[in-house]
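Asker: Dropping the structure in here first, questions after.
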Amino acid sequence: MQASEPHLLVTTSRMPFAVDEIHKLGETGRDVTAADTFASAPGSHSRGARRHLVLPAPTQQTTAFVDAVIEAIGEHDITWLLPMFEEVFYLAKHRDRISAAHPDVELFFPDFETLARVHDKVGFTALCRELGLPAAESVTTTSREELREATQRWPHWFARAAFGRGGLDILTNTGPLAGESSVDDITPTPDDPWLVQEYLAGVDRCSWSVAHHGEIVLHSCYEHPLAIDDRGGIVFQSVDSPESLAAAQTIARELNWHGQISFDYLVTDDGVHHMVECNPRPTAGCTVATSEEFDTALFDPGDLVVVPAGRKKMIKAAVLRDALKHPSHLRRNLAAAKGASGVYDQPHDHLPLLYSALSLQHILAYRKELGLNRNKSEELMATQFFDVLWDGTAIA
C-alpha cells in the first residue's frame, strides 16, 4: 500500500540536474532517498535527501543493481522511482520485475522499447521525419568505408555515434571540434552505427519537459552561453521557444510519454528548430524551473506551465575551471555567468558543491579501465558516467 505522501528514490545522484531536482523536492517537503554507485555523489549530500544509498553499477552489474533497487523500494517505503540518467534503460528493461515486487510504485519513465527508440540517434531522426519535424539531411553508416563515403556528400559535415552522449563520440570537419578525431579512428558497425549529417550553422538550444501519459505539463527551453571544452553547457539561460514546445509535445503525444524528456535543437538563421537528439531523461532545463513548478508537475499536474525567458543557472566550479584553464576566457565567462545562481551551491544547501570536488575520486578510479588519454578533453565527460551508461547492447 502506498504511503500518503510520495517517497522518492532518485538514482544517479551525481548528475547536476539530479542535484537540482533533489534540492527542489526537499524544498517542497518530499521524502527523498538519493542513490548512486559511489558514496560521494554530490546529490546524495543535498539537504533535499533524507538518506542516501550506494547501489551496484547498472552497466556492469545489472542484476545486482535491479535487486538493490527493489530492496530499497521496500525498505524505505518508496512510491516513486525517478531515474536521472541512462540507468533508466536497465530499470525499464526490468520493469516487470520491479512492478511484480512493488505493484504500487510509480515508475516515472516509459517502457524500454520507447526509450530505446528515441535514444538511438538513427531511430530518433527517422521518427522526426515521420512526424514532419525538421532534421538535417543524414546518412546512416555501418562501416568505415560507408562513413568515409558519407563525409564526401557535403563540404561541411558532422558525424555522431548512434548511442553517443554528452558531446562524446563525434567527428566533424567544421567548427571548434574539427580535427579532434579522424575517420581512420572510427569503425561503425551494424550494432554501433554512426549518423553523418550536413553541418548546419546556428544556435544550440535544449528543452526539458515533464509529461504525464503523452501530455506535457511543464516545459523549459534554454541556451547555454558557456560550455565546457565546447561540449556540455555550464551556464543555462531560459528562452522563449514555442517551436521547442510544439516539437516536444508532438513527440510526447506520439509516444504517450510518461516521465521526463529532453531534446537538443540547432536553430538556423531562418528560425527553424532542427531536431538533433533526444535525451529520454532530465537535463539542465530543470534547473530554471522553480521548486513549486516541478513539484506540481510531478504530483498535481494541471494546465501547462512554460518557464519564462530570462532565468539563469550555472555550474560555478566548471565556470571557474574553464577560467583557470583558459585565462583569456575570463571576461567572456564573467559576462556569461552574470546573474546566474549556482546548481551545486543553492541557499542553505552547500554540501553538493564540496562533494562535486570529492567525487573526482570516482573519476580517477576509472581512468585505467577506460584507457583514456589524459590529454583528451573528453576524458572528464566520459568518466563521469562510465558505470551508468547504455550503449545499445543487449541487457540481460
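Chains: A, B, ... in order of the C-alpha cells. Residues: from 1 per chain. Ligands: from 1, in order shown.
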Once DSSP has gone over the backbone, tell me which residues of region 60-210 of chain A are in helix (DSSP H, G or I), as a PyMOL selection string.
Answerer: chain A and resi 62-75+87-93+95-101+112-119+121-130+144-150+183-185
Asker: I want to know what sits within 7 Å of region 359-364 of chain A, based on only C-alpha atoms, with residues of the same chain fewer than 4 positions away left out; could you give that as number ranges by chain?
Answerer: A: 40-41, 355, 383-384
Asker: Find the nearest atom pair between each residue of region 136-244 of chain A and region 289-298 of chain A for residues within 9 Å, count only C-alpha atoms, give distances in Å to one decimal, sort rows by chain and ascending number, and present the table as a Markdown table.
Answerer:
| residue | atom | partner | partner_atom | distance |
| --- | --- | --- | --- | --- |
| A:Val210 | CA | A:Ala297 | CA | 6.6 |
| A:Ala211 | CA | A:Ala297 | CA | 8.1 |
| A:His212 | CA | A:Leu298 | CA | 8.4 |
| A:Ile216 | CA | A:Ala297 | CA | 9.0 |
| A:Val217 | CA | A:Ala297 | CA | 5.9 |
| A:Leu218 | CA | A:Ala297 | CA | 6.0 |
| A:His219 | CA | A:Ala289 | CA | 8.6 |
| A:Ser220 | CA | A:Ala289 | CA | 7.4 |
Asker: Could those residues be written to a file, using N, CA and C atoms, as a compact mmCIF listing (two decimals), in the first residue's frame?
Answerer:
# COMPACT_ATOMS: atom_id res chain seq x y z
N VAL A 210 8.32 17.75 -18.45
CA VAL A 210 7.67 16.72 -17.65
C VAL A 210 6.36 16.38 -18.34
N ALA A 211 6.15 15.09 -18.62
CA ALA A 211 4.94 14.67 -19.33
C ALA A 211 4.23 13.57 -18.55
N HIS A 212 2.91 13.60 -18.58
CA HIS A 212 2.08 12.55 -17.99
C HIS A 212 1.23 11.94 -19.10
N ILE A 216 2.44 17.12 -22.03
CA ILE A 216 3.47 17.89 -21.33
C ILE A 216 2.79 18.86 -20.37
N VAL A 217 3.26 18.88 -19.14
CA VAL A 217 2.68 19.77 -18.12
C VAL A 217 3.66 20.84 -17.66
N LEU A 218 4.96 20.64 -17.92
CA LEU A 218 5.97 21.64 -17.57
C LEU A 218 7.06 21.58 -18.62
N HIS A 219 7.45 22.76 -19.14
CA HIS A 219 8.41 22.80 -20.25
C HIS A 219 9.34 23.99 -20.07
N SER A 220 10.61 23.77 -20.34
CA SER A 220 11.57 24.87 -20.40
C SER A 220 12.45 24.70 -21.63
Asker: Extract, using only C-alpha atoms, all DNA, RNA and protein residues at most 10 Å from Ala340 (chain A), discarding same-chain residues fewer than 2 positions from it, and format them as a list of chain:residue names.
Answerer: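 What passes the distance filter is A:Val235, A:Phe236, A:Gln237, A:Gly310, A:Arg311, A:Lys312, A:Lys313, A:Met314, A:Ile315, A:Lys316, A:Ala336, A:Ala337, A:Lys338, A:Gly342, A:Val343.
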Asker: So how far away is CA of Thr151 (chain A) from CA of Asn173 (chain A), in Å?
Answerer: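 CA of Thr151 (chain A) lies 9.0 Å from CA of Asn173 (chain A).
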Asker: Near Leu200 (chain A), counting only C-alpha atoms, which residues have an atom at most 9 Å away, once you skip same-chain residues fewer than 4 positions from it, shown as a PDB file with N, CA and C atoms, in the first residue's frame?
Answerer:
ATOM      1  N   ALA A 136      18.376  17.721 -39.984  1.00  0.00           N
ATOM      2  CA  ALA A 136      19.368  17.831 -41.053  1.00  0.00           C
ATOM      3  C   ALA A 136      19.386  16.559 -41.893  1.00  0.00           C
ATOM      4  N   HIS A 156      30.728  20.538 -45.610  1.00  0.00           N
ATOM      5  CA  HIS A 156      30.789  20.650 -44.150  1.00  0.00           C
ATOM      6  C   HIS A 156      29.855  19.602 -43.563  1.00  0.00           C
ATOM      7  N   TRP A 157      30.383  18.733 -42.701  1.00  0.00           N
ATOM      8  CA  TRP A 157      29.596  17.607 -42.188  1.00  0.00           C
ATOM      9  C   TRP A 157      29.879  17.386 -40.699  1.00  0.00           C
ATOM     10  N   PHE A 158      28.990  16.613 -40.098  1.00  0.00           N
ATOM     11  CA  PHE A 158      29.058  16.328 -38.665  1.00  0.00           C
ATOM     12  C   PHE A 158      28.602  14.873 -38.483  1.00  0.00           C
ATOM     13  N   LEU A 266      19.114  22.607 -33.220  1.00  0.00           N
ATOM     14  CA  LEU A 266      20.009  23.561 -33.862  1.00  0.00           C
ATOM     15  C   LEU A 266      19.120  24.580 -34.579  1.00  0.00           C
ATOM     16  N   VAL A 267      19.161  25.812 -34.109  1.00  0.00           N
ATOM     17  CA  VAL A 267      18.298  26.863 -34.656  1.00  0.00           C
ATOM     18  C   VAL A 267      19.083  27.660 -35.694  1.00  0.00           C
ATOM     19  N   THR A 268      18.669  27.549 -36.951  1.00  0.00           N
ATOM     20  CA  THR A 268      19.346  28.262 -38.030  1.00  0.00           C
ATOM     21  C   THR A 268      18.812  29.690 -38.141  1.00  0.00           C
TER      22      THR A 268
END
Asker: Take CA of Trp390 (chain A) and CA of Thr114 (chain A) and report the distance between them in Å, one decimal.
Answerer: 14.4 Å
